[in-house]
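Undergrad: Data file work-v8.pdb (PDB, C-alpha atoms) is appended below.
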ATOM      1  CA  MET O1080     -18.987  11.621  11.933  1.00  0.00           C
ATOM      2  CA  PRO O1081     -18.059  13.739   8.911  1.00  0.00           C
ATOM      3  CA  ARG O1082     -18.759  12.133   5.537  1.00  0.00           C
ATOM      4  CA  VAL O1083     -15.075  11.858   4.502  1.00  0.00           C
ATOM      5  CA  GLN O1084     -14.245  10.027   7.734  1.00  0.00           C
ATOM      6  CA  ALA O1085     -17.279   7.729   7.315  1.00  0.00           C
ATOM      7  CA  VAL O1086     -16.142   6.750   3.802  1.00  0.00           C
ATOM      8  CA  ARG O1087     -12.556   6.253   4.991  1.00  0.00           C
ATOM      9  CA  THR O1088     -13.770   4.051   7.874  1.00  0.00           C
ATOM     10  CA  ALA O1089     -15.947   1.945   5.542  1.00  0.00           C
ATOM     11  CA  ILE O1090     -12.977   1.350   3.219  1.00  0.00           C
ATOM     12  CA  GLN O1091     -10.674   0.495   6.141  1.00  0.00           C
ATOM     13  CA  LYS O1092     -13.196  -2.117   7.359  1.00  0.00           C
ATOM     14  CA  MET O1093     -13.373  -3.675   3.902  1.00  0.00           C
ATOM     15  CA  LEU O1094      -9.576  -3.744   3.665  1.00  0.00           C
ATOM     16  CA  ALA O1095      -9.282  -5.441   7.059  1.00  0.00           C
ATOM     17  CA  ALA O1096     -11.881  -8.139   6.317  1.00  0.00           C
ATOM     18  CA  VAL O1097     -10.618 -11.722   6.491  1.00  0.00           C
ATOM     19  CA  PRO O1098     -10.907 -13.111   3.965  1.00  0.00           C
ATOM     20  CA  PHE O1099     -10.631 -10.021   1.809  1.00  0.00           C
ATOM     21  CA  ARG O1100     -13.540  -9.509  -0.594  1.00  0.00           C
ATOM     22  CA  PRO O1101     -13.267  -7.160  -3.580  1.00  0.00           C
ATOM     23  CA  PHE O1102     -15.259  -3.950  -3.381  1.00  0.00           C
ATOM     24  CA  ALA O1103     -16.380  -1.279  -5.816  1.00  0.00           C
ATOM     25  CA  ILE O1104     -15.836   2.428  -5.365  1.00  0.00           C
ATOM     26  CA  SER O1105     -18.227   4.660  -7.297  1.00  0.00           C
ATOM     27  CA  LEU O1106     -17.273   8.286  -7.891  1.00  0.00           C
ATOM     28  CA  GLU O1107     -19.402  11.349  -8.536  1.00  0.00           C
ATOM     29  CA  ASN O1108     -17.987  11.633 -12.096  1.00  0.00           C
ATOM     30  CA  GLY O1109     -19.483   8.212 -12.944  1.00  0.00           C
ATOM     31  CA  ASP O1110     -16.260   6.193 -12.719  1.00  0.00           C
ATOM     32  CA  ARG O1111     -16.507   2.878 -10.900  1.00  0.00           C
ATOM     33  CA  VAL O1112     -13.332   1.068  -9.929  1.00  0.00           C
ATOM     34  CA  ILE O1113     -13.086  -2.341  -8.286  1.00  0.00           C
ATOM     35  CA  ALA O1114     -10.414  -2.919  -5.653  1.00  0.00           C
ATOM     36  CA  GLU O1115      -9.599  -6.581  -6.388  1.00  0.00           C
ATOM     37  CA  HIS O1116      -6.786  -6.767  -3.820  1.00  0.00           C
ATOM     38  CA  PRO O1117      -6.100  -4.754  -0.645  1.00  0.00           C
ATOM     39  CA  GLU O1118      -2.750  -3.591  -2.009  1.00  0.00           C
ATOM     40  CA  ASN O1119      -4.492  -1.896  -4.968  1.00  0.00           C
ATOM     41  CA  ILE O1120      -5.696   1.023  -2.842  1.00  0.00           C
ATOM     42  CA  ALA O1121      -3.538   3.529  -0.975  1.00  0.00           C
ATOM     43  CA  PHE O1122      -4.257   6.404   1.396  1.00  0.00           C
ATOM     44  CA  ASP O1123      -2.989   7.837   4.647  1.00  0.00           C
ATOM     45  CA  PRO O1124      -4.924   5.867   7.287  1.00  0.00           C
ATOM     46  CA  THR O1125      -3.929   8.050  10.233  1.00  0.00           C
ATOM     47  CA  VAL O1126      -6.411  10.151  12.124  1.00  0.00           C
ATOM     48  CA  ASN O1127      -5.052  12.867  14.427  1.00  0.00           C
ATOM     49  CA  GLY O1128      -7.660  14.530  16.620  1.00  0.00           C
ATOM     50  CA  ASP O1129      -9.992  16.573  14.429  1.00  0.00           C
ATOM     51  CA  ASN O1130      -7.684  16.118  11.441  1.00  0.00           C
ATOM     52  CA  ALA O1131      -8.695  13.009   9.508  1.00  0.00           C
ATOM     53  CA  GLY O1132      -5.441  12.934   7.566  1.00  0.00           C
ATOM     54  CA  SER O1133      -5.320  13.430   3.835  1.00  0.00           C
ATOM     55  CA  ALA O1134      -8.617  13.204   1.975  1.00  0.00           C
ATOM     56  CA  HIS O1135      -6.780  11.807  -1.088  1.00  0.00           C
ATOM     57  CA  PHE O1136      -6.613   8.168  -2.143  1.00  0.00           C
ATOM     58  CA  SER O1137      -5.456   6.186  -5.156  1.00  0.00           C
ATOM     59  CA  VAL O1138      -6.756   2.883  -6.465  1.00  0.00           C
ATOM     60  CA  ILE O1139      -5.886   0.629  -9.377  1.00  0.00           C
ATOM     61  CA  GLY O1140      -8.544  -1.643 -10.813  1.00  0.00           C
ATOM     62  CA  ASN O1141     -10.314  -2.769 -13.989  1.00  0.00           C
ATOM     63  CA  ASN O1142      -7.747  -0.972 -16.183  1.00  0.00           C
ATOM     64  CA  LEU O1143      -8.174   2.324 -14.311  1.00  0.00           C
ATOM     65  CA  PHE O1144      -5.776   4.276 -12.130  1.00  0.00           C
ATOM     66  CA  VAL O1145      -7.796   6.677 -10.036  1.00  0.00           C
ATOM     67  CA  LEU O1146      -6.385   9.474  -7.902  1.00  0.00           C
ATOM     68  CA  SER O1147      -9.229  11.243  -6.147  1.00  0.00           C
ATOM     69  CA  THR O1148     -10.586  12.366  -2.793  1.00  0.00           C
ATOM     70  CA  PHE O1149     -12.856  10.595  -0.319  1.00  0.00           C
ATOM     71  CA  ASP O1150     -15.496  13.299  -0.706  1.00  0.00           C
ATOM     72  CA  ALA O1151     -15.855  12.376  -4.418  1.00  0.00           C
ATOM     73  CA  ILE O1152     -16.947   8.829  -3.507  1.00  0.00           C
ATOM     74  CA  THR O1153     -20.675   8.255  -3.856  1.00  0.00           C
ATOM     75  CA  SER O1154     -20.719   4.616  -2.706  1.00  0.00           C
ATOM     76  CA  VAL O1155     -18.560   1.719  -1.571  1.00  0.00           C
ATOM     77  CA  THR O1156     -20.063  -1.734  -2.043  1.00  0.00           C
ATOM     78  CA  GLN O1157     -18.920  -5.339  -1.816  1.00  0.00           C
ATOM     79  CA  VAL O1158     -18.604  -7.080  -5.170  1.00  0.00           C
ATOM     80  CA  ASP O1159     -20.478 -10.334  -5.596  1.00  0.00           C
ATOM     81  CA  ARG O1160     -18.080 -12.598  -7.482  1.00  0.00           C
ATOM     82  CA  GLY O1161     -21.071 -14.548  -8.783  1.00  0.00           C
ATOM     83  CA  GLN O1162     -22.115 -11.627 -10.990  1.00  0.00           C
TER      84      GLN O1162
END
Do you think you could lay out the structure here as structure tokens?
TA:
Amino acid sequence: MPRVQAVRTAIQKMLAAVPFRPFAISLENGDRVIAEHPENIAFDPTVNGDNAGSAHFSVIGNNLFVLSTFDAITSVTQVDRGQ
């Protein structure tokens, strides 16, 4: 599975989790944004054959608005609310 699709799939799984748990997206430029609610992240979720849809996403969190691409994501991790 190509890296962009793997990142997209990981984010889709986190968005579909019940109950939803916030997750952090770390980018190659050093930015880290936390998706506190599923409606704070947007991207085209469709996958058509070999075309994985748009590689762009946007997310709002911790006073940041990020418009980037899935290939700029270095990690996606669950946030422990106890920290």
Undergrad: Using the chain letters and numbers from this file, what does the PyMOL selection byres ((chain O and resi 1138-1152) around 6) select? Give the answer as a PyMOL selection string.
TA: chain O and resi 1083+1105-1107+1112-1114+1119-1120+1134-1137+1153-1154
Undergrad: Could you give me the centre and size, in Å to one decimal, of an axis-aligned box around all listed atoms of region 1109-1122 of chain O with 6 Å added on every side, as AutoDock Vina command-line options?
TA:
--center_x -11.1 --center_y 0.7 --center_z -5.8 --size_x 28.7 --size_y 27.0 --size_z 26.3
Undergrad: For the file shown, what are the residues hit by the PyMOL selection byres ((chain O and resi 1088-1091) around 12), laid out as an MDAnalysis selection string?
TA: chainID O and resid 1080:1087 1092:1096 1099:1104 1114 1117 1120:1126 1131 1136 1138 1149 1152 1154:1157
